[in-house]
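Step one of this worksheet: look at the structure below.
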Amino acid sequence: VSFDVKHYAAKRPNQLTAVSMKTPFNPDKFNFNKVNQAEKIATVQSTANFARQVIDIVSGLEISPNNEIDNEVIKPSAEEPASQTESESTTINKSVIPCDHIHPVLVNLSPLMPGHCVVPLWSEEGQSQLLFTPQHMAAATEVAIAAGHTSRVGFNSLGAFASINHLHVHIMPLSAGGAEDDEDGVGFPIENAASKETLYSGYMSIDLLQWHVPCFAFEGQDHAAVTATSTILVNLLMKENIPYNILFTTTSQLSSSSSSSSSLLKIIVIPRQPQEFFDPNQSGFNGAICELSGMLIAQTQEIYDNITEEEAMEVMRQNIGLESNDIKRISQHLSDHLVKMVFPSADPNRRTSL
(Lines give C-alpha, C1' and ligand atoms only; values in the text may rest on other atoms or scores of the structure.)
Protein backbone atom coordinates (compact mmCIF):
# COMPACT_ATOMS: atom_id res chain seq x y z
CA VAL A 1 0.00 0.00 0.00
CA SER A 2 1.30 3.44 -0.96
CA PHE A 3 0.15 6.91 0.08
CA ASP A 4 1.36 10.29 -1.17
CA VAL A 5 -0.71 13.30 -0.25
CA LYS A 6 0.75 15.19 -3.24
CA HIS A 7 -0.33 12.62 -5.84
CA TYR A 8 -4.02 13.52 -6.07
CA ALA A 9 -3.29 17.24 -5.59
CA ALA A 10 -0.93 17.30 -8.60
CA LYS A 11 -3.02 15.02 -10.80
CA ARG A 12 -4.48 16.56 -13.94
CA PRO A 13 -8.31 16.77 -13.89
CA ASN A 14 -9.90 13.44 -14.71
CA GLN A 15 -11.73 13.71 -18.04
CA LEU A 16 -13.35 10.32 -17.63
CA THR A 17 -15.67 9.39 -14.77
CA ALA A 18 -18.46 7.25 -16.23
CA VAL A 19 -17.24 6.65 -19.77
CA SER A 20 -18.18 4.48 -22.72
CA MET A 21 -15.73 2.43 -24.75
CA LYS A 22 -17.19 4.33 -27.71
CA THR A 23 -15.90 7.72 -26.59
CA PRO A 24 -13.79 9.25 -29.38
CA PHE A 25 -10.71 11.37 -28.91
CA ASN A 26 -11.63 15.01 -28.36
CA PRO A 27 -8.89 17.46 -29.45
CA ASP A 28 -10.54 20.27 -27.48
CA LYS A 29 -9.87 18.55 -24.15
CA PHE A 30 -6.48 18.10 -22.56
CA ASN A 31 -4.28 15.70 -24.48
CA PHE A 32 -0.57 14.94 -24.64
CA ASN A 33 -0.06 17.14 -27.69
CA LYS A 34 -0.67 20.10 -25.36
CA VAL A 35 2.01 19.34 -22.76
CA ASN A 36 4.85 21.70 -22.01
CA GLN A 37 7.93 20.78 -24.05
CA ALA A 38 9.89 20.57 -20.79
CA GLU A 39 7.85 17.47 -19.88
CA LYS A 40 9.41 15.53 -22.78
CA ILE A 41 12.44 13.80 -21.33
CA ALA A 42 13.21 11.02 -23.82
CA THR A 43 11.92 9.06 -26.82
CA VAL A 44 11.24 5.40 -27.58
CA GLN A 45 10.96 3.74 -30.99
CA SER A 46 8.48 1.20 -32.31
CA THR A 47 9.52 -0.65 -35.46
CA ALA A 48 7.80 -1.72 -38.64
CA ASN A 49 9.60 -5.07 -38.55
CA PHE A 50 8.16 -6.12 -35.20
CA ALA A 51 4.68 -4.84 -36.08
CA ARG A 52 4.72 -6.93 -39.28
CA GLN A 53 5.70 -10.05 -37.30
CA VAL A 54 2.67 -9.57 -35.06
CA ILE A 55 0.38 -8.85 -38.00
CA ASP A 56 1.65 -11.98 -39.80
CA ILE A 57 0.52 -14.17 -36.91
CA VAL A 58 -2.80 -12.40 -36.34
CA SER A 59 -3.67 -12.27 -40.04
CA GLY A 60 -4.15 -16.04 -40.25
CA LEU A 61 -7.17 -15.82 -37.97
CA GLU A 62 -10.74 -14.71 -38.49
CA ILE A 63 -9.73 -11.26 -37.26
CA SER A 64 -8.76 -9.19 -40.29
CA PRO A 65 -5.09 -8.24 -40.78
CA ASN A 66 -6.02 -4.60 -40.22
CA ASN A 67 -7.91 -5.59 -37.08
CA GLU A 68 -10.68 -3.12 -37.79
CA ILE A 69 -13.30 -3.18 -35.07
CA ASP A 70 -16.97 -3.15 -36.06
CA ASN A 71 -18.28 0.37 -36.54
CA GLU A 72 -20.94 -0.30 -33.92
CA VAL A 73 -18.21 -0.60 -31.32
CA ILE A 74 -16.47 2.67 -32.04
CA LYS A 75 -19.30 5.04 -32.91
CA PRO A 76 -19.94 7.55 -30.12
CA SER A 77 -23.22 6.95 -28.33
CA ALA A 78 -26.13 9.36 -28.50
CA GLU A 79 -25.34 10.47 -24.94
CA GLU A 80 -21.74 11.25 -25.88
CA PRO A 81 -21.67 13.54 -28.91
CA ALA A 82 -18.28 13.80 -30.54
CA SER A 83 -16.62 16.73 -32.19
CA GLN A 84 -15.94 14.60 -35.25
CA THR A 85 -18.44 13.78 -37.96
CA GLU A 86 -19.96 10.29 -38.01
CA SER A 87 -17.71 9.20 -40.86
CA GLU A 88 -14.66 10.38 -38.96
CA SER A 89 -15.73 8.77 -35.70
CA THR A 90 -15.93 5.34 -37.29
CA THR A 91 -12.21 5.39 -38.01
CA ILE A 92 -11.13 5.69 -34.38
CA ASN A 93 -7.89 3.83 -33.73
CA LYS A 94 -7.81 1.89 -36.97
CA SER A 95 -4.43 0.38 -37.63
CA VAL A 96 -1.59 2.66 -38.56
CA ILE A 97 0.64 1.63 -41.45
CA PRO A 98 3.57 -0.38 -40.04
CA CYS A 99 6.56 1.94 -39.94
CA ASP A 100 9.35 2.94 -37.62
CA HIS A 101 7.99 5.60 -35.30
CA ILE A 102 9.44 7.73 -32.50
CA HIS A 103 7.19 8.22 -29.46
CA PRO A 104 7.85 10.82 -26.74
CA VAL A 105 8.46 9.84 -23.12
CA LEU A 106 6.85 12.35 -20.77
CA VAL A 107 7.50 12.97 -17.11
CA ASN A 108 4.36 12.23 -15.07
CA LEU A 109 3.31 15.33 -13.16
CA SER A 110 1.47 13.21 -10.57
CA PRO A 111 3.72 10.13 -10.37
CA LEU A 112 2.71 6.99 -8.51
CA MET A 113 6.41 6.30 -7.88
CA PRO A 114 9.79 7.87 -8.65
CA GLY A 115 10.54 7.62 -12.35
CA HIS A 116 6.90 7.09 -13.39
CA CYS A 117 6.57 8.21 -17.04
CA VAL A 118 3.88 8.35 -19.69
CA VAL A 119 4.38 7.35 -23.33
CA PRO A 120 1.75 8.62 -25.81
CA LEU A 121 1.56 6.37 -28.87
CA TRP A 122 1.19 8.10 -32.24
CA SER A 123 0.07 11.16 -30.29
CA GLU A 124 -0.20 13.27 -33.42
CA GLU A 125 -2.87 10.88 -34.74
CA GLY A 126 -5.25 11.79 -31.89
CA GLN A 127 -6.26 8.22 -31.00
CA SER A 128 -8.56 7.33 -28.14
CA GLN A 129 -7.44 5.31 -25.12
CA LEU A 130 -7.96 1.87 -26.66
CA LEU A 131 -5.08 -0.53 -27.28
CA PHE A 132 -6.21 -3.32 -29.59
CA THR A 133 -4.68 -3.29 -33.08
CA PRO A 134 -1.60 -5.47 -33.75
CA GLN A 135 0.44 -2.34 -34.46
CA HIS A 136 -0.54 -0.65 -31.21
CA MET A 137 -0.03 -3.78 -29.12
CA ALA A 138 3.36 -4.26 -30.81
CA ALA A 139 4.35 -0.70 -29.93
CA ALA A 140 3.39 -1.20 -26.28
CA THR A 141 5.48 -4.38 -26.19
CA GLU A 142 8.47 -2.52 -27.60
CA VAL A 143 8.03 0.18 -24.93
CA ALA A 144 8.15 -2.57 -22.30
CA ILE A 145 11.31 -4.06 -23.83
CA ALA A 146 12.94 -0.62 -23.96
CA ALA A 147 11.94 0.10 -20.34
CA GLY A 148 13.87 -2.98 -19.27
CA HIS A 149 13.59 -5.70 -16.66
CA THR A 150 13.36 -3.34 -13.71
CA SER A 151 10.29 -1.48 -14.99
CA ARG A 152 6.79 -2.49 -15.98
CA VAL A 153 4.45 -0.97 -18.56
CA GLY A 154 0.77 -0.54 -17.73
CA PHE A 155 -2.34 0.39 -19.68
CA ASN A 156 -5.85 1.42 -18.60
CA SER A 157 -8.52 1.39 -21.30
CA LEU A 158 -11.55 3.62 -21.52
CA GLY A 159 -13.89 2.48 -18.75
CA ALA A 160 -10.96 1.06 -16.76
CA PHE A 161 -9.79 4.20 -14.94
CA ALA A 162 -7.92 5.88 -17.77
CA SER A 163 -7.95 9.55 -16.81
CA ILE A 164 -6.97 10.97 -20.24
CA ASN A 165 -8.65 9.85 -23.47
CA HIS A 166 -5.48 9.98 -25.60
CA LEU A 167 -3.67 6.72 -26.39
CA HIS A 168 -0.82 6.21 -23.92
CA VAL A 169 0.92 3.69 -21.68
CA HIS A 170 2.69 4.08 -18.33
CA ILE A 171 6.29 3.14 -17.53
CA MET A 172 6.50 2.15 -13.84
CA PRO A 173 9.90 1.47 -12.23
CA LEU A 174 9.87 -1.36 -9.69
CA SER A 175 12.20 0.27 -7.17
CA ALA A 176 9.28 2.13 -5.60
CA GLY A 177 5.86 1.23 -4.36
CA GLY A 178 7.10 -1.64 -2.21
CA ALA A 179 8.95 -3.60 -4.89
CA GLU A 180 12.59 -4.25 -4.10
CA ASP A 181 14.93 -3.70 -7.02
CA ASP A 182 17.23 -6.58 -7.96
CA GLU A 183 18.46 -7.85 -11.32
CA ASP A 184 14.92 -8.24 -12.64
CA GLY A 185 12.96 -6.49 -9.93
CA VAL A 186 10.46 -8.34 -7.79
CA GLY A 187 7.56 -7.10 -9.86
CA PHE A 188 3.91 -6.68 -8.97
CA PRO A 189 2.23 -9.45 -6.94
CA ILE A 190 0.03 -10.42 -9.89
CA GLU A 191 3.14 -11.59 -11.76
CA ASN A 192 3.56 -14.41 -9.25
CA ALA A 193 -0.07 -15.53 -9.33
CA ALA A 194 -0.53 -19.27 -9.88
CA SER A 195 -2.27 -20.69 -12.92
CA LYS A 196 -5.90 -21.65 -12.39
CA GLU A 197 -6.22 -23.14 -15.88
CA THR A 198 -3.65 -23.57 -18.64
CA LEU A 199 -5.15 -22.84 -22.04
CA TYR A 200 -1.94 -23.61 -23.90
CA SER A 201 1.55 -24.77 -22.99
CA GLY A 202 4.33 -25.40 -25.48
CA TYR A 203 5.72 -22.80 -27.83
CA MET A 204 4.54 -20.25 -25.25
CA SER A 205 2.08 -20.39 -22.37
CA ILE A 206 -1.40 -18.96 -21.94
CA ASP A 207 -3.01 -19.21 -18.51
CA LEU A 208 -6.09 -18.08 -16.64
CA LEU A 209 -4.57 -16.83 -13.39
CA GLN A 210 -5.67 -17.60 -9.85
CA TRP A 211 -6.18 -13.97 -8.85
CA HIS A 212 -8.94 -12.09 -7.04
CA VAL A 213 -9.79 -10.38 -10.35
CA PRO A 214 -9.75 -13.11 -13.06
CA CYS A 215 -7.17 -12.38 -15.75
CA PHE A 216 -5.14 -14.00 -18.50
CA ALA A 217 -1.35 -14.26 -18.81
CA PHE A 218 0.48 -14.72 -22.13
CA GLU A 219 4.16 -15.60 -21.72
CA GLY A 220 7.08 -16.66 -23.87
CA GLN A 221 10.37 -15.74 -25.50
CA ASP A 222 8.80 -15.11 -28.91
CA HIS A 223 7.66 -11.54 -28.34
CA ALA A 224 5.62 -11.41 -31.54
CA ALA A 225 3.68 -14.58 -30.65
CA VAL A 226 2.94 -13.37 -27.13
CA THR A 227 1.82 -9.99 -28.44
CA ALA A 228 -0.34 -11.51 -31.20
CA THR A 229 -2.18 -13.95 -28.92
CA SER A 230 -2.92 -11.24 -26.36
CA THR A 231 -4.25 -9.12 -29.22
CA ILE A 232 -6.86 -11.82 -29.88
CA LEU A 233 -8.21 -11.44 -26.35
CA VAL A 234 -8.21 -7.65 -26.43
CA ASN A 235 -10.18 -7.72 -29.71
CA LEU A 236 -12.87 -9.84 -28.11
CA LEU A 237 -13.12 -7.42 -25.21
CA MET A 238 -13.37 -4.47 -27.60
CA LYS A 239 -16.15 -6.08 -29.61
CA GLU A 240 -18.14 -6.78 -26.43
CA ASN A 241 -17.48 -3.37 -24.86
CA ILE A 242 -15.61 -4.91 -21.93
CA PRO A 243 -13.03 -2.54 -20.39
CA TYR A 244 -9.58 -3.91 -19.65
CA ASN A 245 -6.24 -3.21 -18.01
CA ILE A 246 -2.93 -4.61 -19.28
CA LEU A 247 0.44 -5.19 -17.63
CA PHE A 248 3.52 -5.74 -19.84
CA THR A 249 6.54 -7.31 -18.16
CA THR A 250 9.95 -8.48 -19.31
CA THR A 251 12.42 -10.57 -17.32
CA SER A 252 15.81 -11.97 -18.30
CA GLN A 253 16.04 -15.72 -18.88
CA LEU A 254 19.14 -17.82 -19.46
CA SER A 255 19.03 -19.39 -22.90
CA SER A 256 19.14 -23.20 -22.90
CA SER A 257 21.35 -23.19 -25.99
CA SER A 258 23.98 -20.71 -24.81
CA SER A 259 25.26 -18.76 -21.85
CA SER A 260 23.55 -15.62 -23.08
CA SER A 261 20.30 -14.35 -21.62
CA SER A 262 17.15 -13.48 -23.52
CA SER A 263 14.05 -11.54 -22.60
CA LEU A 264 10.94 -13.37 -21.46
CA LEU A 265 7.79 -11.38 -22.20
CA LYS A 266 4.61 -11.68 -20.17
CA ILE A 267 1.43 -9.76 -21.01
CA ILE A 268 -1.37 -9.90 -18.42
CA VAL A 269 -4.80 -8.83 -19.68
CA ILE A 270 -7.45 -8.08 -17.05
CA PRO A 271 -11.05 -7.97 -18.35
CA ARG A 272 -13.25 -6.08 -15.93
CA GLN A 273 -16.51 -4.42 -15.09
CA PRO A 274 -16.87 -0.76 -16.17
CA GLN A 275 -15.39 1.71 -13.71
CA GLU A 276 -18.76 3.16 -12.73
CA PHE A 277 -19.37 -0.03 -10.71
CA PHE A 278 -16.37 0.80 -8.53
CA ASP A 279 -16.50 3.84 -6.23
CA PRO A 280 -12.99 5.07 -5.29
CA ASN A 281 -14.41 7.44 -2.70
CA GLN A 282 -16.04 4.55 -0.87
CA SER A 283 -13.18 2.08 -1.22
CA GLY A 284 -10.43 4.65 -0.65
CA PHE A 285 -8.42 3.67 -3.73
CA ASN A 286 -8.74 3.56 -7.52
CA GLY A 287 -9.27 0.45 -9.62
CA ALA A 288 -6.59 0.91 -12.27
CA ILE A 289 -3.67 -1.27 -13.38
CA CYS A 290 -1.49 -0.71 -10.29
CA GLU A 291 -4.25 -1.60 -7.84
CA LEU A 292 -5.35 -4.62 -9.86
CA SER A 293 -1.73 -5.79 -10.00
CA GLY A 294 -1.35 -5.65 -6.24
CA MET A 295 -0.11 -2.13 -5.48
CA LEU A 296 -2.74 0.01 -3.73
CA ILE A 297 -2.45 3.78 -3.82
CA ALA A 298 -4.45 4.98 -0.84
CA GLN A 299 -6.39 8.23 -1.16
CA THR A 300 -6.15 9.15 2.53
CA GLN A 301 -3.91 8.55 5.51
CA GLU A 302 -6.78 6.73 7.23
CA ILE A 303 -7.11 4.22 4.39
CA TYR A 304 -3.35 3.75 4.32
CA ASP A 305 -3.26 3.04 8.07
CA ASN A 306 -6.27 0.74 8.28
CA ILE A 307 -7.08 -1.11 5.06
CA THR A 308 -6.29 -4.83 5.00
CA GLU A 309 -5.33 -6.98 2.05
CA GLU A 310 -8.47 -9.09 2.50
CA GLU A 311 -10.71 -6.00 2.44
CA ALA A 312 -9.10 -4.61 -0.70
CA MET A 313 -9.25 -7.95 -2.52
CA GLU A 314 -12.92 -8.42 -1.66
CA VAL A 315 -13.85 -4.94 -2.91
CA MET A 316 -12.11 -5.60 -6.22
CA ARG A 317 -13.53 -9.11 -6.48
CA GLN A 318 -17.09 -7.83 -6.09
CA ASN A 319 -16.90 -4.57 -8.04
CA ILE A 320 -14.24 -5.10 -10.70
CA GLY A 321 -13.91 -8.80 -11.54
CA LEU A 322 -16.09 -10.36 -14.23
CA GLU A 323 -18.56 -13.14 -13.47
CA SER A 324 -17.34 -16.72 -13.86
CA ASN A 325 -19.62 -17.32 -16.86
CA ASP A 326 -18.05 -14.39 -18.69
CA ILE A 327 -14.56 -15.70 -17.94
CA LYS A 328 -15.52 -19.18 -19.19
CA ARG A 329 -16.85 -17.69 -22.42
CA ILE A 330 -13.69 -15.66 -22.93
CA SER A 331 -11.54 -18.74 -22.26
CA GLN A 332 -13.49 -20.70 -24.84
CA HIS A 333 -13.08 -17.92 -27.38
CA LEU A 334 -9.34 -17.97 -26.86
CA SER A 335 -9.19 -21.75 -27.17
CA ASP A 336 -11.18 -21.65 -30.41
CA HIS A 337 -8.69 -19.22 -31.95
CA LEU A 338 -5.59 -20.88 -30.60
CA VAL A 339 -6.15 -23.99 -32.71
CA LYS A 340 -5.89 -21.73 -35.79
CA MET A 341 -2.80 -19.89 -34.62
CA VAL A 342 0.37 -20.47 -36.65
CA PHE A 343 3.74 -19.63 -35.13
CA PRO A 344 7.18 -19.41 -36.71
CA SER A 345 9.33 -22.50 -36.20
CA ALA A 346 13.10 -22.95 -36.21
CA ASP A 347 12.82 -23.90 -39.87
CA PRO A 348 11.80 -20.76 -41.82
CA ASN A 349 10.19 -22.94 -44.49
CA ARG A 350 7.86 -24.57 -41.98
CA ARG A 351 5.26 -23.15 -39.67
CA THR A 352 4.29 -24.52 -36.28
CA SER A 353 0.61 -24.65 -35.42
CA LEU A 354 -0.87 -24.97 -31.96
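The chains in the C-alpha coordinates are called A, B, ... from first to last as shown; in each chain the residues are counted from 1, and the ligands are counted from 1 in the order shown.
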Subject >> Within 6 Å of range 96-106 of chain A using only C-alpha atoms, minus same-chain residues under 5 positions, as a count of residues only >> reply: 14
**OP:** Give the alpha helix (DSSP H) residues of range 239-320 of chain A, as assigned by DSSP on the backbone, as a list of chain:residue names.
**Re:**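 Going through range 239-320 of chain A, the alpha helix (DSSP H) residues come out as A:Lys239, A:Pro280, A:Asn281, A:Gln282, A:Ser283, A:Ile289, A:Cys290, A:Glu291, A:Leu292, A:Ser293, A:Gln301, A:Glu302, A:Ile303, A:Tyr304, A:Asp305, A:Asn306, A:Glu309, A:Glu310, A:Glu311, A:Ala312, A:Met313, A:Glu314, A:Val315, A:Met316, A:Arg317, A:Gln318, A:Asn319.
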Since we have the selection now, will you write its residues out, keeping N, CA, C and O atoms, as a CSV table (one decimal), in the first residue's frame?
```
chain,number,residue,atom,x,y,z
A,239,LYS,N,-14.9,-5.8,-28.9
A,239,LYS,CA,-16.2,-6.1,-29.6
A,239,LYS,C,-17.3,-6.2,-28.7
A,239,LYS,O,-18.5,-6.0,-29.0
A,280,PRO,N,-14.3,4.8,-6.0
A,280,PRO,CA,-13.0,5.1,-5.3
A,280,PRO,C,-13.2,5.8,-4.0
A,280,PRO,O,-12.4,5.6,-3.0
A,281,ASN,N,-14.2,6.7,-3.9
A,281,ASN,CA,-14.4,7.4,-2.7
A,281,ASN,C,-14.9,6.5,-1.6
A,281,ASN,O,-14.5,6.8,-0.4
A,282,GLN,N,-15.6,5.5,-1.9
A,282,GLN,CA,-16.0,4.5,-0.9
A,282,GLN,C,-14.9,3.6,-0.5
A,282,GLN,O,-14.8,3.2,0.7
A,283,SER,N,-14.2,3.1,-1.5
A,283,SER,CA,-13.2,2.1,-1.2
A,283,SER,C,-11.9,2.7,-0.7
A,283,SER,O,-11.1,2.1,0.0
A,289,ILE,N,-4.6,-0.2,-13.2
A,289,ILE,CA,-3.7,-1.3,-13.4
A,289,ILE,C,-2.8,-1.5,-12.2
A,289,ILE,O,-2.5,-2.7,-11.8
A,290,CYS,N,-2.3,-0.5,-11.5
A,290,CYS,CA,-1.5,-0.7,-10.3
A,290,CYS,C,-2.3,-1.4,-9.2
A,290,CYS,O,-1.8,-2.4,-8.6
A,291,GLU,N,-3.5,-1.0,-8.9
A,291,GLU,CA,-4.3,-1.6,-7.8
A,291,GLU,C,-4.6,-3.0,-8.2
A,291,GLU,O,-4.5,-3.9,-7.3
A,292,LEU,N,-5.0,-3.3,-9.4
A,292,LEU,CA,-5.3,-4.6,-9.9
A,292,LEU,C,-4.1,-5.6,-9.9
A,292,LEU,O,-4.3,-6.8,-9.8
A,293,SER,N,-3.0,-5.0,-10.0
A,293,SER,CA,-1.7,-5.8,-10.0
A,293,SER,C,-1.2,-6.0,-8.6
A,293,SER,O,-0.2,-6.8,-8.5
A,301,GLN,N,-4.7,9.2,4.5
A,301,GLN,CA,-3.9,8.6,5.5
A,301,GLN,C,-4.7,7.5,6.3
A,301,GLN,O,-4.1,6.4,6.6
A,302,GLU,N,-6.0,7.7,6.5
A,302,GLU,CA,-6.8,6.7,7.2
A,302,GLU,C,-6.9,5.4,6.5
A,302,GLU,O,-6.7,4.3,7.1
A,303,ILE,N,-7.1,5.5,5.2
A,303,ILE,CA,-7.1,4.2,4.4
A,303,ILE,C,-5.8,3.5,4.4
A,303,ILE,O,-5.7,2.3,4.6
A,304,TYR,N,-4.7,4.3,4.3
A,304,TYR,CA,-3.3,3.8,4.3
A,304,TYR,C,-3.1,3.0,5.6
A,304,TYR,O,-2.5,2.0,5.7
A,305,ASP,N,-3.5,3.6,6.7
A,305,ASP,CA,-3.3,3.0,8.1
A,305,ASP,C,-4.1,1.8,8.4
A,305,ASP,O,-3.7,0.9,9.1
A,306,ASN,N,-5.3,1.7,7.8
A,306,ASN,CA,-6.3,0.7,8.3
A,306,ASN,C,-6.7,-0.3,7.3
A,306,ASN,O,-7.2,-1.4,7.7
A,309,GLU,N,-5.4,-6.3,3.4
A,309,GLU,CA,-5.3,-7.0,2.0
A,309,GLU,C,-6.6,-7.7,1.7
A,309,GLU,O,-7.1,-7.6,0.6
A,310,GLU,N,-7.2,-8.4,2.7
A,310,GLU,CA,-8.5,-9.1,2.5
A,310,GLU,C,-9.6,-8.1,2.1
A,310,GLU,O,-10.4,-8.4,1.2
A,311,GLU,N,-9.7,-7.0,2.8
A,311,GLU,CA,-10.7,-6.0,2.4
A,311,GLU,C,-10.6,-5.5,1.0
A,311,GLU,O,-11.5,-5.4,0.3
A,312,ALA,N,-9.3,-5.1,0.6
A,312,ALA,CA,-9.1,-4.6,-0.7
A,312,ALA,C,-9.4,-5.7,-1.8
A,312,ALA,O,-10.1,-5.3,-2.8
A,313,MET,N,-9.0,-6.9,-1.5
A,313,MET,CA,-9.2,-7.9,-2.5
A,313,MET,C,-10.7,-8.2,-2.7
A,313,MET,O,-11.2,-8.4,-3.8
A,314,GLU,N,-11.5,-8.2,-1.6
A,314,GLU,CA,-12.9,-8.4,-1.7
A,314,GLU,C,-13.6,-7.3,-2.4
A,314,GLU,O,-14.5,-7.6,-3.2
A,315,VAL,N,-13.2,-6.1,-2.2
A,315,VAL,CA,-13.8,-4.9,-2.9
A,315,VAL,C,-13.6,-5.1,-4.4
A,315,VAL,O,-14.5,-4.9,-5.2
A,316,MET,N,-12.4,-5.4,-4.8
A,316,MET,CA,-12.1,-5.6,-6.2
A,316,MET,C,-12.8,-6.8,-6.8
A,316,MET,O,-13.3,-6.8,-7.9
A,317,ARG,N,-12.9,-7.9,-6.0
A,317,ARG,CA,-13.5,-9.1,-6.5
A,317,ARG,C,-15.0,-8.8,-6.8
A,317,ARG,O,-15.5,-9.3,-7.8
A,318,GLN,N,-15.7,-8.1,-5.9
A,318,GLN,CA,-17.1,-7.8,-6.1
A,318,GLN,C,-17.4,-6.8,-7.1
A,318,GLN,O,-18.4,-6.9,-7.8
A,319,ASN,N,-16.6,-5.7,-7.2
A,319,ASN,CA,-16.9,-4.6,-8.0
A,319,ASN,C,-16.1,-4.4,-9.3
A,319,ASN,O,-16.4,-3.5,-10.1
```
**OP:** Determine which residues of range 113-265 of chain A receive a DSSP assignment of strand (DSSP E), computed from the backbone, and state them as an NGL selection string.
**Re:** :A and (117-120 or 151-156 or 168-173 or 195-201 or 205-209 or 215-220 or 244-254 or 261-265)
**OP:** Determine, counting only C-alpha atoms, which protein, DNA and RNA residues have an atom within 7 Å of an atom of Arg152 in chain A; residues of the same chain fewer than 4 positions away are not included. Present the result as an MDAnalysis selection string.
**Re:** chainID A and resid 144 171:173 248:249
Selected residues written out, all heavy atoms, as a PDB file, in the first residue's frame:
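Here's the written file result.pdb:
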```pdb
ATOM      1  N   ALA A 144       7.794  -1.742 -23.445  1.00  0.00           N
ATOM      2  CA  ALA A 144       8.148  -2.573 -22.296  1.00  0.00           C
ATOM      3  C   ALA A 144       9.573  -3.119 -22.411  1.00  0.00           C
ATOM      4  O   ALA A 144      10.316  -3.163 -21.428  1.00  0.00           O
ATOM      5  CB  ALA A 144       7.148  -3.720 -22.151  1.00  0.00           C
ATOM      6  N   ILE A 171       5.072   3.858 -17.929  1.00  0.00           N
ATOM      7  CA  ILE A 171       6.286   3.142 -17.528  1.00  0.00           C
ATOM      8  C   ILE A 171       6.426   3.289 -16.020  1.00  0.00           C
ATOM      9  O   ILE A 171       6.462   4.409 -15.496  1.00  0.00           O
ATOM     10  CB  ILE A 171       7.543   3.690 -18.218  1.00  0.00           C
ATOM     11  CG1 ILE A 171       7.443   3.501 -19.740  1.00  0.00           C
ATOM     12  CG2 ILE A 171       8.795   3.003 -17.687  1.00  0.00           C
ATOM     13  CD1 ILE A 171       8.636   4.062 -20.495  1.00  0.00           C
ATOM     14  N   MET A 172       6.497   2.147 -15.304  1.00  0.00           N
ATOM     15  CA  MET A 172       6.499   2.154 -13.843  1.00  0.00           C
ATOM     16  C   MET A 172       7.730   1.411 -13.322  1.00  0.00           C
ATOM     17  O   MET A 172       7.790   0.177 -13.391  1.00  0.00           O
ATOM     18  CB  MET A 172       5.217   1.499 -13.326  1.00  0.00           C
ATOM     19  CG  MET A 172       3.950   2.159 -13.854  1.00  0.00           C
ATOM     20  SD  MET A 172       2.432   1.284 -13.398  1.00  0.00           S
ATOM     21  CE  MET A 172       2.591  -0.216 -14.395  1.00  0.00           C
ATOM     22  N   PRO A 173       8.723   2.127 -12.810  1.00  0.00           N
ATOM     23  CA  PRO A 173       9.898   1.468 -12.232  1.00  0.00           C
ATOM     24  C   PRO A 173       9.514   0.648 -11.005  1.00  0.00           C
ATOM     25  O   PRO A 173       8.603   1.009 -10.249  1.00  0.00           O
ATOM     26  CB  PRO A 173      10.802   2.647 -11.846  1.00  0.00           C
ATOM     27  CG  PRO A 173      10.339   3.782 -12.695  1.00  0.00           C
ATOM     28  CD  PRO A 173       8.868   3.591 -12.844  1.00  0.00           C
ATOM     29  N   PHE A 248       2.454  -5.179 -19.010  1.00  0.00           N
ATOM     30  CA  PHE A 248       3.515  -5.739 -19.841  1.00  0.00           C
ATOM     31  C   PHE A 248       4.759  -5.896 -18.975  1.00  0.00           C
ATOM     32  O   PHE A 248       5.202  -4.932 -18.343  1.00  0.00           O
ATOM     33  CB  PHE A 248       3.842  -4.814 -21.017  1.00  0.00           C
ATOM     34  CG  PHE A 248       2.721  -4.607 -22.000  1.00  0.00           C
ATOM     35  CD1 PHE A 248       1.691  -3.707 -21.724  1.00  0.00           C
ATOM     36  CD2 PHE A 248       2.697  -5.278 -23.214  1.00  0.00           C
ATOM     37  CE1 PHE A 248       0.663  -3.495 -22.634  1.00  0.00           C
ATOM     38  CE2 PHE A 248       1.673  -5.078 -24.131  1.00  0.00           C
ATOM     39  CZ  PHE A 248       0.651  -4.184 -23.837  1.00  0.00           C
ATOM     40  N   THR A 249       5.334  -7.088 -18.952  1.00  0.00           N
ATOM     41  CA  THR A 249       6.536  -7.313 -18.156  1.00  0.00           C
ATOM     42  C   THR A 249       7.587  -8.035 -18.989  1.00  0.00           C
ATOM     43  O   THR A 249       7.261  -8.847 -19.859  1.00  0.00           O
ATOM     44  CB  THR A 249       6.246  -8.165 -16.903  1.00  0.00           C
ATOM     45  OG1 THR A 249       6.208  -9.552 -17.253  1.00  0.00           O
ATOM     46  CG2 THR A 249       4.926  -7.783 -16.271  1.00  0.00           C
TER      47      THR A 249
END
```
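Coordinates place CA of Gln53 in chain A at a distance of 14.0 Å from CA of Ser230 in chain A.
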Original post:
So which residues touch range 194-208 of chain A within 8 Å, counting only C-alpha atoms, skipping near sequence neighbours fewer than 6 positions away, as a ChimeraX atom specification?
Top reply: /A:214-222,225-226,331,335
Original post:
With only C-alpha atoms as the atoms that count, which of A:Val143, A:Gly294, A:Val107, A:Glu125 lies nearest to Pro189 in chain A?
Top reply: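 Nearest to Pro189 in chain A: A:Gly294.
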**OP:** List the neighbours of Thr229 in chain A out to 9 Å using only C-alpha atoms; skip same-chain residues closer than 6 positions along the sequence, and give me the result as a list of chain:residue names.
**Re:**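 In the requested format, the answer is A:Val54, A:Ile57, A:Val58, A:Ile206, A:Phe218, A:Leu334, A:His337, A:Leu338, A:Met341.
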Original post:
Of the candidates A:Ala138, A:Leu296, A:Asp279, A:Ala162, which shows the shortest atom-to-atom distance to Phe188 in chain A, using only C-alpha atoms?
Top reply: A:Leu296
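The spacing separating CA of Ser263 in chain A from CA of Gly187 in chain A amounts to 15.0 Å.
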**OP:** For range 232-235 of chain A, please output as a PyMOL selection string all residues within 10 Å (counting only C-alpha atoms; exclusion window: fewer than 3 positions along the same chain).
**Re:** chain A and resi 58+61-63+67-69+130-134+137+216+227-229+238-246+269-271+330-331+333-334+337-338
Original post:
What separation in Å, quoted to one decimal, exists between CA of Pro274 in chain A and CA of His212 in chain A?
Top reply: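 Distance reported for this atom pair: 16.6 Å.
Here the question is which of A:Phe32, A:Phe277, A:Phe155, A:Phe161 gets nearest to Ser123 in chain A using only C-alpha atoms, and that residue is A:Phe32.
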**OP:** Pick out the closest residue to Asp326 in chain A from this set: A:Ser110, A:Asn49, A:Ser175, A:Gln273. Count only C-alpha atoms.
**Re:** A:Gln273
Subject >> Using only C-alpha atoms: which of A:Leu109, A:Leu247, A:Leu174, A:Leu167 has the shortest distance to Val153 in chain A >> reply: A:Leu247
